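**Q** My structure is in structure_37.tsv, and what it holds is TSV, C-alpha atoms and all ligand atoms:
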chain	number	residue	atom	x	y	z
A	1	MET	CA	-6.20	-6.70	12.42
A	2	ARG	CA	-4.96	-9.03	9.65
A	3	LYS	CA	-3.82	-12.49	10.78
A	4	ILE	CA	-1.83	-15.00	8.73
A	5	VAL	CA	-1.64	-18.78	9.15
A	6	PHE	CA	0.98	-20.89	7.32
A	7	ILE	CA	-0.16	-24.50	6.88
A	8	THR	CA	2.00	-27.34	5.55
A	9	GLY	CA	0.24	-30.30	3.93
A	10	ALA	CA	-2.91	-28.34	3.05
A	11	THR	CA	-3.81	-30.42	-0.02
A	12	ALA	CA	-5.68	-33.09	1.97
A	13	GLY	CA	-6.92	-34.26	5.35
A	14	PHE	CA	-6.13	-32.18	8.43
A	15	GLY	CA	-4.26	-29.45	6.56
A	16	GLU	CA	-7.18	-28.75	4.25
A	17	ALA	CA	-9.56	-28.71	7.24
A	18	PHE	CA	-7.23	-26.27	9.05
A	19	ALA	CA	-7.35	-23.98	6.01
A	20	GLN	CA	-11.17	-24.10	6.02
A	21	VAL	CA	-11.55	-23.25	9.70
A	22	PHE	CA	-8.92	-20.49	9.77
A	23	ALA	CA	-10.20	-18.94	6.53
A	24	SER	CA	-13.79	-19.04	7.76
A	25	ASN	CA	-12.56	-17.09	10.79
A	26	HIS	CA	-10.96	-14.37	8.65
A	27	TYR	CA	-7.33	-15.54	8.62
A	28	ASP	CA	-5.36	-15.08	5.41
A	29	CYS	CA	-3.84	-18.46	4.57
A	30	ILE	CA	-0.51	-19.61	3.16
A	31	ILE	CA	-1.25	-23.12	1.97
A	32	THR	CA	1.51	-25.55	0.98
A	33	GLY	CA	1.95	-29.06	-0.38
A	34	ARG	CA	3.36	-30.84	-3.43
A	35	ARG	CA	0.14	-31.13	-5.45
A	36	SER	CA	-0.15	-27.73	-7.13
A	37	GLU	CA	-3.56	-28.32	-8.75
A	38	ARG	CA	-5.10	-29.06	-5.37
A	39	LEU	CA	-3.48	-25.95	-3.89
A	40	GLU	CA	-4.85	-23.72	-6.66
A	41	LYS	CA	-8.34	-25.21	-6.36
A	42	LEU	CA	-8.34	-24.74	-2.58
A	43	LYS	CA	-7.07	-21.15	-2.89
A	44	GLN	CA	-9.95	-20.28	-5.24
A	45	GLN	CA	-12.53	-21.91	-3.00
A	46	LEU	CA	-11.23	-20.26	0.20
A	47	GLU	CA	-11.03	-16.80	-1.38
A	48	SER	CA	-14.52	-17.01	-2.85
A	49	SER	CA	-16.19	-18.63	0.16
A	50	TYR	CA	-14.65	-16.52	2.91
A	51	ASN	CA	-13.47	-13.28	1.30
A	52	ILE	CA	-9.91	-13.77	2.54
A	53	SER	CA	-6.56	-13.85	0.69
A	54	CYS	CA	-4.69	-17.03	0.10
A	55	PHE	CA	-1.09	-17.63	-1.06
A	56	THR	CA	0.08	-20.98	-2.39
A	57	LEU	CA	3.61	-22.39	-2.06
A	58	CYS	CA	4.31	-25.69	-3.80
A	59	PHE	CA	7.30	-27.53	-2.34
A	60	ASP	CA	8.47	-30.80	-0.84
A	61	VAL	CA	9.25	-30.35	2.87
A	62	ARG	CA	12.08	-32.91	2.56
A	63	LYS	CA	14.11	-30.60	0.31
A	64	GLU	CA	15.85	-28.07	2.52
A	65	THR	CA	16.85	-25.66	-0.24
A	66	ASP	CA	13.39	-25.74	-1.83
A	67	VAL	CA	11.82	-25.01	1.55
A	68	GLN	CA	14.14	-22.02	2.09
A	69	HIS	CA	13.53	-20.64	-1.42
A	70	ALA	CA	9.77	-21.08	-1.17
A	71	VAL	CA	9.54	-19.31	2.18
A	72	GLU	CA	11.94	-16.52	1.08
A	73	SER	CA	9.82	-16.03	-2.05
A	74	LEU	CA	6.86	-14.83	0.04
A	75	PRO	CA	6.04	-11.17	-0.64
A	76	GLU	CA	6.88	-8.90	2.34
A	77	SER	CA	3.18	-8.48	3.08
A	78	TRP	CA	2.88	-12.25	3.64
A	79	LYS	CA	5.85	-12.63	5.97
A	80	GLN	CA	4.03	-11.60	9.15
A	81	VAL	CA	3.08	-15.17	9.94
A	82	ASP	CA	1.08	-15.40	13.17
A	83	VAL	CA	0.58	-19.17	13.24
A	84	LEU	CA	2.69	-21.90	11.63
A	85	ILE	CA	1.08	-25.34	11.55
A	86	ASN	CA	3.63	-28.08	10.84
A	87	ASN	CA	1.22	-30.71	9.60
A	88	ALA	CA	2.74	-32.30	6.45
A	89	GLY	CA	3.54	-35.89	7.25
A	90	LEU	CA	2.83	-39.51	6.62
A	91	ALA	CA	3.16	-43.11	7.68
A	92	LEU	CA	4.45	-45.64	5.18
A	93	GLY	CA	3.93	-49.35	5.76
A	94	ARG	CA	2.89	-51.28	8.82
A	95	GLU	CA	5.40	-54.11	8.93
A	96	LEU	CA	7.38	-55.75	11.68
A	97	PHE	CA	10.71	-54.03	12.25
A	98	ASP	CA	12.75	-56.75	10.54
A	99	GLU	CA	10.45	-56.78	7.51
A	100	ALA	CA	9.99	-53.03	7.02
A	101	SER	CA	11.49	-51.09	4.12
A	102	THR	CA	14.40	-48.74	4.79
A	103	ASP	CA	13.08	-46.51	1.96
A	104	ASP	CA	9.84	-46.11	3.93
A	105	TRP	CA	11.83	-45.32	7.07
A	106	ASN	CA	13.87	-42.68	5.26
A	107	THR	CA	10.77	-41.04	3.79
A	108	MET	CA	9.02	-40.88	7.18
A	109	ILE	CA	12.05	-39.46	8.97
A	110	ASP	CA	12.80	-37.00	6.16
A	111	THR	CA	9.18	-35.77	6.03
A	112	ASN	CA	7.90	-35.95	9.60
A	113	VAL	CA	11.10	-34.89	11.34
A	114	LYS	CA	13.48	-33.13	8.99
A	115	GLY	CA	10.71	-31.45	6.99
A	116	LEU	CA	9.23	-30.00	10.16
A	117	LEU	CA	12.68	-28.70	11.16
A	118	TYR	CA	13.36	-27.09	7.75
A	119	VAL	CA	9.99	-25.31	7.60
A	120	SER	CA	10.26	-24.10	11.20
A	121	LYS	CA	13.79	-22.78	10.65
A	122	ALA	CA	12.69	-20.91	7.51
A	123	VAL	CA	9.56	-19.32	9.02
A	124	LEU	CA	10.91	-18.57	12.51
A	125	PRO	CA	12.85	-15.39	11.61
A	126	PHE	CA	9.51	-13.74	10.74
A	127	MET	CA	8.25	-14.50	14.24
A	128	ILE	CA	11.46	-13.64	16.08
A	129	SER	CA	11.64	-10.23	14.40
A	130	ARG	CA	8.13	-9.43	15.71
A	131	ASN	CA	8.64	-11.10	19.10
A	132	LYS	CA	5.42	-13.06	18.66
A	133	GLY	CA	4.00	-16.10	16.92
A	134	HIS	CA	2.69	-19.59	17.47
A	135	ILE	CA	4.11	-22.86	16.14
A	136	ILE	CA	1.71	-25.80	16.23
A	137	ASN	CA	3.28	-29.17	15.47
A	138	ILE	CA	1.03	-32.07	14.54
A	139	GLY	CA	2.36	-35.11	16.36
A	140	SER	CA	0.30	-38.24	16.94
A	141	ILE	CA	-0.86	-40.57	19.65
A	142	ALA	CA	1.73	-42.81	17.95
A	143	GLY	CA	4.40	-40.52	19.40
A	144	LYS	CA	3.11	-41.09	22.92
A	145	GLU	CA	2.98	-44.90	22.81
A	146	VAL	CA	4.62	-47.40	20.51
A	147	TYR	CA	2.37	-50.02	18.93
A	148	GLU	CA	3.20	-53.24	17.10
A	149	ARG	CA	4.39	-52.55	13.54
A	150	GLY	CA	4.44	-48.81	14.26
A	151	ASN	CA	8.22	-48.74	14.88
A	152	VAL	CA	9.66	-45.86	12.81
A	153	TYR	CA	6.39	-43.94	12.34
A	154	CYS	CA	6.03	-43.94	16.15
A	155	ALA	CA	9.65	-42.85	16.48
A	156	SER	CA	9.19	-39.99	14.04
A	157	LYS	CA	6.22	-38.70	16.03
A	158	ALA	CA	8.07	-39.15	19.34
A	159	ALA	CA	10.72	-36.94	17.73
A	160	VAL	CA	8.03	-34.33	16.96
A	161	ASP	CA	7.08	-34.45	20.66
A	162	ALA	CA	10.69	-33.94	21.79
A	163	ILE	CA	11.40	-31.24	19.19
A	164	THR	CA	8.28	-29.36	20.30
A	165	ARG	CA	9.50	-29.36	23.91
A	166	GLY	CA	12.95	-28.23	22.83
A	167	MET	CA	11.53	-25.43	20.68
A	168	ARG	CA	9.40	-24.19	23.57
A	169	ILE	CA	12.44	-23.88	25.79
A	170	ASP	CA	14.70	-22.24	23.21
A	171	LEU	CA	12.06	-19.83	21.89
A	172	LEU	CA	11.02	-18.64	25.35
A	173	PRO	CA	12.96	-15.36	25.07
A	174	HIS	CA	10.97	-14.47	21.93
A	175	HIS	CA	7.43	-14.86	23.34
A	176	ILE	CA	6.69	-17.57	20.78
A	177	LYS	CA	4.09	-20.16	21.74
A	178	VAL	CA	4.91	-23.76	20.84
A	179	THR	CA	2.26	-26.47	20.93
A	180	ALA	CA	2.06	-30.14	19.98
A	181	ILE	CA	-1.33	-31.61	19.11
A	182	HIS	CA	-1.41	-35.42	19.07
A	183	PRO	CA	-4.48	-36.86	17.34
A	184	GLY	CA	-5.53	-40.49	17.38
A	185	ALA	CA	-7.09	-42.33	14.45
A	186	ALA	CA	-8.74	-39.99	11.95
A	187	GLU	CA	-10.11	-40.94	8.57
A	188	THR	CA	-8.25	-38.90	5.94
A	189	GLU	CA	-5.98	-39.99	3.08
A	190	PHE	CA	-3.52	-41.12	5.78
A	191	SER	CA	-4.22	-44.88	5.58
A	192	MET	CA	-4.41	-44.89	1.78
A	193	VAL	CA	-0.92	-43.39	1.80
A	194	ARG	CA	0.30	-45.75	4.53
A	195	PHE	CA	-0.96	-48.83	2.69
A	196	LYS	CA	0.16	-47.48	-0.70
A	197	GLY	CA	-3.28	-47.36	-2.30
A	198	ALA	CA	-4.64	-50.67	-0.93
A	199	GLU	CA	-8.16	-49.36	-0.39
A	200	ALA	CA	-9.63	-52.38	1.42
A	201	THR	CA	-6.78	-52.44	3.95
A	202	ALA	CA	-7.06	-48.68	4.47
A	203	LYS	CA	-10.84	-48.88	5.03
A	204	LYS	CA	-10.42	-51.75	7.50
A	205	MET	CA	-8.54	-49.43	9.86
A	206	TYR	CA	-11.78	-47.55	10.57
A	207	GLU	CA	-14.18	-50.49	10.76
A	208	GLY	CA	-16.51	-50.85	13.75
A	209	PHE	CA	-15.97	-47.46	15.36
A	210	THR	CA	-16.33	-43.75	14.66
A	211	PRO	CA	-12.89	-42.21	14.17
A	212	LEU	CA	-12.04	-38.52	14.40
A	213	GLU	CA	-12.77	-36.39	11.37
A	214	ALA	CA	-10.34	-33.81	10.08
A	215	LYS	CA	-12.75	-31.07	11.12
A	216	ASP	CA	-12.67	-32.29	14.74
A	217	VAL	CA	-8.91	-31.82	14.82
A	218	ALA	CA	-9.23	-28.47	13.02
A	219	ALA	CA	-11.63	-27.15	15.68
A	220	ILE	CA	-9.12	-28.00	18.42
A	221	VAL	CA	-6.19	-26.50	16.54
A	222	PHE	CA	-8.15	-23.30	15.88
A	223	PHE	CA	-9.11	-23.06	19.55
A	224	THR	CA	-5.47	-23.58	20.57
A	225	ALA	CA	-4.30	-20.85	18.20
A	226	ASN	CA	-6.79	-18.28	19.43
A	227	LEU	CA	-6.28	-18.16	23.18
A	228	PRO	CA	-5.20	-14.95	24.91
A	229	ALA	CA	-1.57	-13.88	24.37
A	230	HIS	CA	-0.53	-15.06	27.84
A	231	VAL	CA	-2.05	-18.58	27.50
A	232	CYS	CA	-0.43	-21.51	25.70
A	233	ILE	CA	-1.58	-25.12	25.38
A	234	ASN	CA	1.72	-26.99	25.38
A	235	ASP	CA	0.59	-30.51	24.65
A	236	LEU	CA	-2.77	-32.00	23.77
A	237	VAL	CA	-3.78	-35.59	23.00
A	238	LEU	CA	-7.06	-35.95	21.12
A	239	THR	CA	-8.78	-39.23	20.24
A	240	CYS	CA	-12.25	-40.33	19.27
A	241	THR	CA	-14.32	-41.59	22.19
A	242	GLN	CA	-13.79	-45.22	21.16
A	243	GLN	CA	-9.99	-45.01	21.24
A	244	ALA	CA	-8.24	-45.31	24.62
A	245	ASN	CA	-4.63	-45.20	23.46
A	246	ALA	CA	-2.46	-45.93	20.43
A	247	TYR	CA	-3.41	-49.62	20.36
A	248	LEU	CA	-6.83	-49.98	22.06
A	249	ILE	CA	-9.93	-49.23	20.02
A	250	ASN	CA	-13.49	-50.34	20.84
A	251	ARG	CA	-14.78	-51.65	17.51
A	252	SER	CA	-18.23	-52.68	18.79
A	253	GLY	CA	-20.15	-50.27	16.56
A	254	ILE	CA	-20.37	-46.71	15.34
A	255	LEU	CA	-21.12	-43.87	17.72
A	256	LYS	CA	-23.48	-41.28	16.31
A	257	ASP	CA	-24.57	-37.93	17.67
A	258	GLU	CA	-28.22	-37.95	18.70
A	259	VAL	CA	-30.38	-35.93	16.35
A	260	ASN	CA	-33.45	-34.08	17.59
A	301	LIG	P1	-3.23	-36.90	4.52
A	301	LIG	O1	-2.50	-37.98	3.80
A	301	LIG	O2	-4.68	-36.74	4.29
A	301	LIG	O3	-2.50	-35.50	4.25
A	301	LIG	C1	-1.11	-35.39	4.34
A	301	LIG	C2	-0.64	-34.04	3.84
A	301	LIG	O4	0.78	-33.96	3.99
A	301	LIG	C3	-0.96	-33.81	2.38
A	301	LIG	O5	-1.43	-32.50	2.21
A	301	LIG	C4	0.38	-33.98	1.69
A	301	LIG	O6	0.46	-33.09	0.58
A	301	LIG	C5	1.36	-33.51	2.78
A	301	LIG	N1	2.69	-34.07	2.57
A	301	LIG	C6	3.08	-35.36	2.72
A	301	LIG	N2	4.36	-35.48	2.38
A	301	LIG	C7	4.80	-34.25	2.02
A	301	LIG	C8	6.04	-33.73	1.56
A	301	LIG	N3	7.12	-34.51	1.39
A	301	LIG	N4	6.15	-32.41	1.28
A	301	LIG	C9	5.07	-31.62	1.43
A	301	LIG	N5	3.86	-32.03	1.87
A	301	LIG	C10	3.74	-33.34	2.15
A	301	LIG	O7	-2.93	-37.19	6.06
A	301	LIG	P2	-3.48	-36.46	7.41
A	301	LIG	O8	-4.14	-35.20	7.09
A	301	LIG	O9	-4.20	-37.48	8.19
A	301	LIG	O10	-2.09	-36.22	8.15
A	301	LIG	C11	-1.62	-34.93	8.49
A	301	LIG	C12	-0.66	-35.07	9.66
A	301	LIG	O11	-1.35	-35.59	10.77
A	301	LIG	C13	0.52	-36.00	9.41
A	301	LIG	O12	1.66	-35.44	10.02
A	301	LIG	C14	0.10	-37.28	10.13
A	301	LIG	O13	1.21	-38.04	10.54
A	301	LIG	C15	-0.66	-36.70	11.30
A	301	LIG	N6	-1.62	-37.58	11.96
A	301	LIG	C16	-2.60	-38.22	11.26
A	301	LIG	C17	-3.53	-39.01	11.92
A	301	LIG	C18	-4.59	-39.78	11.22
A	301	LIG	O14	-5.08	-40.77	11.78
A	301	LIG	N7	-5.03	-39.36	10.03
A	301	LIG	C19	-3.49	-39.13	13.39
A	301	LIG	C20	-2.40	-38.44	14.02
A	301	LIG	C21	-1.53	-37.68	13.32
A	301	LIG	P3	1.06	-33.45	-0.86
A	301	LIG	O15	0.90	-34.93	-1.06
A	301	LIG	O16	0.28	-32.62	-1.80
A	301	LIG	O17	2.49	-33.03	-0.77
A	302	LIG	C1	-1.84	-41.71	13.06
A	302	LIG	C2	-2.57	-42.45	14.12
A	302	LIG	O1	-2.74	-44.65	15.34
A	302	LIG	O2	-2.56	-44.75	12.92
A	302	LIG	O3	-0.81	-40.98	13.60
A	302	LIG	O4	-0.66	-44.20	14.27
A	302	LIG	S1	-2.09	-44.09	14.15
Please rewrite the model in this file as C-alpha cells.
Ligand code: NDP
Ligand code: 8X3
**A**
Amino acid sequence: MRKIVFITGATAGFGEAFAQVFASNHYDCIITGRRSERLEKLKQQLESSYNISCFTLCFDVRKETDVQHAVESLPESWKQVDVLINNAGLALGRELFDEASTDDWNTMIDTNVKGLLYVSKAVLPFMISRNKGHIINIGSIAGKEVYERGNVYCASKAAVDAITRGMRIDLLPHHIKVTAIHPGAAETEFSMVRFKGAEATAKKMYEGFTPLEAKDVAAIVFFTANLPAHVCINDLVLTCTQQANAYLINRSGILKDEVN
C-alpha cells in the first residue's frame, strides 16, 4: 500500500537524510524548504534512484499564509499523509543572553516554534479525516538541558518538547501518534547557519570527537515511523557515544567503527 511522508527542511542535513531513507523504503515523499533548486535536484535523484514519486513544496515555515496555501495546493492524491516530520529549524548565534540579537531570537522562535505549529495545523486535517497518522517533531538535546549561550535556541526546543506532549494528549481521540526525537550534536549545515558562515568556528564544534551523522538520525526516525499501529515512541534522546548531555562532550579523539 502507498505511504506518504511529508518532510520540512529537506534541502539539507537531517531532512535530506530522512528523504533518502524513506524513499529507499518505498515511501512517496513530499519535500519542502525555501531553496527550490535543491528541492528539484533532490526530487529528481529520489525518483530515479528509488522509483518512487516525489512532490516539492517551496515555502518559508514562518509565513502562516504561505504554509496554508502550499499545503492546500497539494493534489488530492498527495493529501493522505502518513508521516509528518517537523524538522525545519535552526540556531542563530551563540552569545550570552545580554549580548544576543533579538532578530536572531525572533527568527528561532518563528521558525522552530511557530513554523512547526503552522505546518502541523495545516497537515493535521488530512490525518484526522483518516483517523490515523504520525507526527514526528525534531527537538534537540538543547530542549532537555540549557547550556551556556544556548538561551533562546534551548527555549525554542523546550517548546517543541512541550508542544509534542500537548499534541499527543489532544490528538489521542484521533489515533494519531506523536513523537519527539531529540538529537545531540550532528554535523550538518547547522553550525554554519548558527555561526553565519564562519567556517572555522563551525568546524571547531566537531573537533576531537565523532558526532552523529544525519543518516544516524534518519535511521532512528525511520524505525520510529514504522512500528506496529499500536506502538508509539513518545520521546527519544539520541547522542553520539562521546556526548553525555547538552554540555559534556569527550573530545579526546575520534571514535571509528572497527573494519574487518
Ligand atoms: P541544516 O541547517 O542542515 O538544515 C536545516 C533545514 O531547515 C534546511 O533544509 C532548511 O531549508 C530548513 N529551514 C530552515 N529555516 C527554514 C524556514 N524558515 N522555512 C523552511 N525551511 C527552513 O540543519 P539540521 O539538518 O542539522 O537541522 C534540522 C533540525 O534538527 C533543526 O530543527 C535543528 O534545530 C535540529 N537539530 C539539529 C542538530 C544538529 O546538531 N545538527 C541536533 C539537534 C537538533 P531552507 O534553508 O532551504 O529553507
Ligand atoms: C543542536 C544540538 O547541542 O548544538 O540542537 O544545541 S546543540
**Q** Once you count all atoms listed in the file, which residues end up within 9 Å of ligand LIG 302 (chain A), and could you hand them over as a PyMOL selection string?
**A** chain A and resi 90-91+139-143+146-147+150+153-154+157+182-186+190-191+194+205+245-247
**Q** Can you tell me how far atom N1 of ligand LIG 301 (chain A) sits from CA of Phe126 (chain A), in Å to one decimal?
**A**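 Pair atom N1 of ligand LIG 301 (chain A) / CA of Phe126 (chain A) returns 22.9 Å.
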**Q** Kindly compile the residues surrounding ligand LIG 301 (chain A) within 7 Å, counting all atoms listed in the file, and format them as a VMD selection string.
**A** chain A and resid 8 to 15 32 to 35 59 to 62 87 to 91 111 to 112 138 to 141 182 to 190 193
**Q** At what distance in Å, to one decimal, does CA of Thr56 (chain A) lie from CA of Glu37 (chain A)?
**A** 10.4 Å
**Q** What are the closest atom pairs, with distances in Å to one decimal, for each residue of region 35-92 of chain A lying within 10 Å of region 225-229 of chain A, using all atoms listed in the file, rows by chain and rising residue number, as a Markdown table?
**A**
| residue | atom | partner | partner_atom | distance |
| --- | --- | --- | --- | --- |
| A:Asp82 | CA | A:Ala225 | CA | 9.2 |
| A:Val83 | CA | A:Ala225 | CA | 7.2 |
| A:Leu84 | CA | A:Ala225 | CA | 9.7 |
| A:Ile85 | CA | A:Ala225 | CA | 9.7 |
**Q** Which neighbours of Val81 (chain A) fall inside 7 Å, counting all atoms listed in the file, when residues of the same chain fewer than 3 positions from it are skipped, and could you give them as a list in words?
**A** Ile4, Val5, Phe6, Trp78, Leu84, Phe126 and Met127 of chain A
**Q** Using only C-alpha atoms, which of A:Ile169, A:Arg149, A:Phe209, A:Asp161 sits nearest Asp98 (chain A)?
**A**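 Closest to Asp98 (chain A), using only C-alpha atoms: A:Arg149.
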**Q** Record the distance separating CA of Leu92 (chain A) and CA of Leu39 (chain A), expressed in Å with one decimal.
**A**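 Result for CA of Leu92 (chain A) versus CA of Leu39 (chain A): 23.1 Å, one decimal.
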**Q** So, with only C-alpha atoms as the atoms that count, which of A:Asn131, A:Asn250, A:Asn25, A:Thr210 lies closest to Leu171 (chain A)?
**A**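 Checking each candidate against Leu171 (chain A), we get A:Asn131 as the closest.
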**Q** Supply region 137-147 of chain A as an mmCIF file, in the coordinates of the input, with all heavy atoms built in where the input has gaps.
**A**
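Below is the file selection-v5.cif, written as the result:
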data_model
loop_
_atom_site.group_PDB
_atom_site.id
_atom_site.type_symbol
_atom_site.label_atom_id
_atom_site.label_comp_id
_atom_site.auth_asym_id
_atom_site.auth_seq_id
_atom_site.Cartn_x
_atom_site.Cartn_y
_atom_site.Cartn_z
ATOM 1 N N ASN A 137 2.766 -27.963 16.127
ATOM 2 C CA ASN A 137 3.280 -29.170 15.470
ATOM 3 C C ASN A 137 2.253 -30.291 15.605
ATOM 4 O O ASN A 137 1.748 -30.555 16.703
ATOM 5 C CB ASN A 137 4.593 -29.603 16.123
ATOM 6 C CG ASN A 137 5.701 -28.589 15.878
ATOM 7 O OD1 ASN A 137 5.709 -27.917 14.841
ATOM 8 N ND2 ASN A 137 6.620 -28.457 16.822
ATOM 9 N N ILE A 138 1.957 -30.943 14.487
ATOM 10 C CA ILE A 138 1.030 -32.070 14.540
ATOM 11 C C ILE A 138 1.832 -33.351 14.771
ATOM 12 O O ILE A 138 2.553 -33.821 13.894
ATOM 13 C CB ILE A 138 0.167 -32.173 13.249
ATOM 14 C CG1 ILE A 138 -0.579 -30.844 12.985
ATOM 15 C CG2 ILE A 138 -0.813 -33.342 13.375
ATOM 16 C CD1 ILE A 138 -1.519 -30.373 14.102
ATOM 17 N N GLY A 139 1.719 -33.847 15.992
ATOM 18 C CA GLY A 139 2.360 -35.110 16.360
ATOM 19 C C GLY A 139 1.381 -36.233 16.110
ATOM 20 O O GLY A 139 0.706 -36.281 15.082
ATOM 21 N N SER A 140 1.263 -37.128 17.049
ATOM 22 C CA SER A 140 0.300 -38.240 16.940
ATOM 23 C C SER A 140 0.279 -38.981 18.272
ATOM 24 O O SER A 140 1.276 -38.978 19.016
ATOM 25 C CB SER A 140 0.730 -39.215 15.854
ATOM 26 O OG SER A 140 -0.042 -40.408 15.925
ATOM 27 N N ILE A 141 -0.828 -39.662 18.506
ATOM 28 C CA ILE A 141 -0.860 -40.570 19.650
ATOM 29 C C ILE A 141 0.243 -41.628 19.487
ATOM 30 O O ILE A 141 0.762 -42.172 20.472
ATOM 31 C CB ILE A 141 -2.262 -41.195 19.803
ATOM 32 C CG1 ILE A 141 -2.387 -41.825 21.181
ATOM 33 C CG2 ILE A 141 -2.567 -42.195 18.691
ATOM 34 C CD1 ILE A 141 -3.773 -41.989 21.675
ATOM 35 N N ALA A 142 0.649 -41.860 18.235
ATOM 36 C CA ALA A 142 1.730 -42.810 17.950
ATOM 37 C C ALA A 142 3.078 -42.338 18.489
ATOM 38 O O ALA A 142 4.014 -43.127 18.603
ATOM 39 C CB ALA A 142 1.834 -43.040 16.441
ATOM 40 N N GLY A 143 3.166 -41.052 18.811
ATOM 41 C CA GLY A 143 4.400 -40.520 19.400
ATOM 42 C C GLY A 143 4.397 -40.635 20.910
ATOM 43 O O GLY A 143 5.415 -40.400 21.570
ATOM 44 N N LYS A 144 3.231 -40.972 21.461
ATOM 45 C CA LYS A 144 3.110 -41.090 22.920
ATOM 46 C C LYS A 144 3.275 -42.532 23.369
ATOM 47 O O LYS A 144 3.703 -42.792 24.485
ATOM 48 C CB LYS A 144 1.726 -40.574 23.374
ATOM 49 C CG LYS A 144 1.513 -39.092 23.114
ATOM 50 C CD LYS A 144 2.386 -38.260 24.041
ATOM 51 C CE LYS A 144 2.057 -36.786 23.947
ATOM 52 N NZ LYS A 144 2.910 -35.972 24.825
ATOM 53 N N GLU A 145 2.856 -43.466 22.508
ATOM 54 C CA GLU A 145 2.980 -44.900 22.810
ATOM 55 C C GLU A 145 3.377 -45.616 21.529
ATOM 56 O O GLU A 145 2.896 -45.263 20.454
ATOM 57 C CB GLU A 145 1.628 -45.475 23.253
ATOM 58 C CG GLU A 145 1.184 -45.059 24.617
ATOM 59 C CD GLU A 145 -0.321 -44.982 24.709
ATOM 60 O OE1 GLU A 145 -0.974 -44.600 23.714
ATOM 61 O OE2 GLU A 145 -0.849 -45.318 25.769
ATOM 62 N N VAL A 146 4.204 -46.614 21.686
ATOM 63 C CA VAL A 146 4.620 -47.400 20.510
ATOM 64 C C VAL A 146 3.669 -48.589 20.373
ATOM 65 O O VAL A 146 3.326 -49.224 21.364
ATOM 66 C CB VAL A 146 6.068 -47.902 20.680
ATOM 67 C CG1 VAL A 146 6.503 -48.739 19.485
ATOM 68 C CG2 VAL A 146 7.006 -46.711 20.867
ATOM 69 N N TYR A 147 3.216 -48.834 19.154
ATOM 70 C CA TYR A 147 2.370 -50.020 18.930
ATOM 71 C C TYR A 147 3.071 -50.976 17.952
ATOM 72 O O TYR A 147 3.993 -50.576 17.227
ATOM 73 C CB TYR A 147 0.971 -49.626 18.436
ATOM 74 C CG TYR A 147 0.924 -48.735 17.222
ATOM 75 C CD1 TYR A 147 1.021 -49.255 15.928
ATOM 76 C CD2 TYR A 147 0.757 -47.361 17.362
ATOM 77 C CE1 TYR A 147 0.964 -48.430 14.817
ATOM 78 C CE2 TYR A 147 0.705 -46.528 16.255
ATOM 79 C CZ TYR A 147 0.809 -47.067 14.979
ATOM 80 O OH TYR A 147 0.769 -46.250 13.879
#
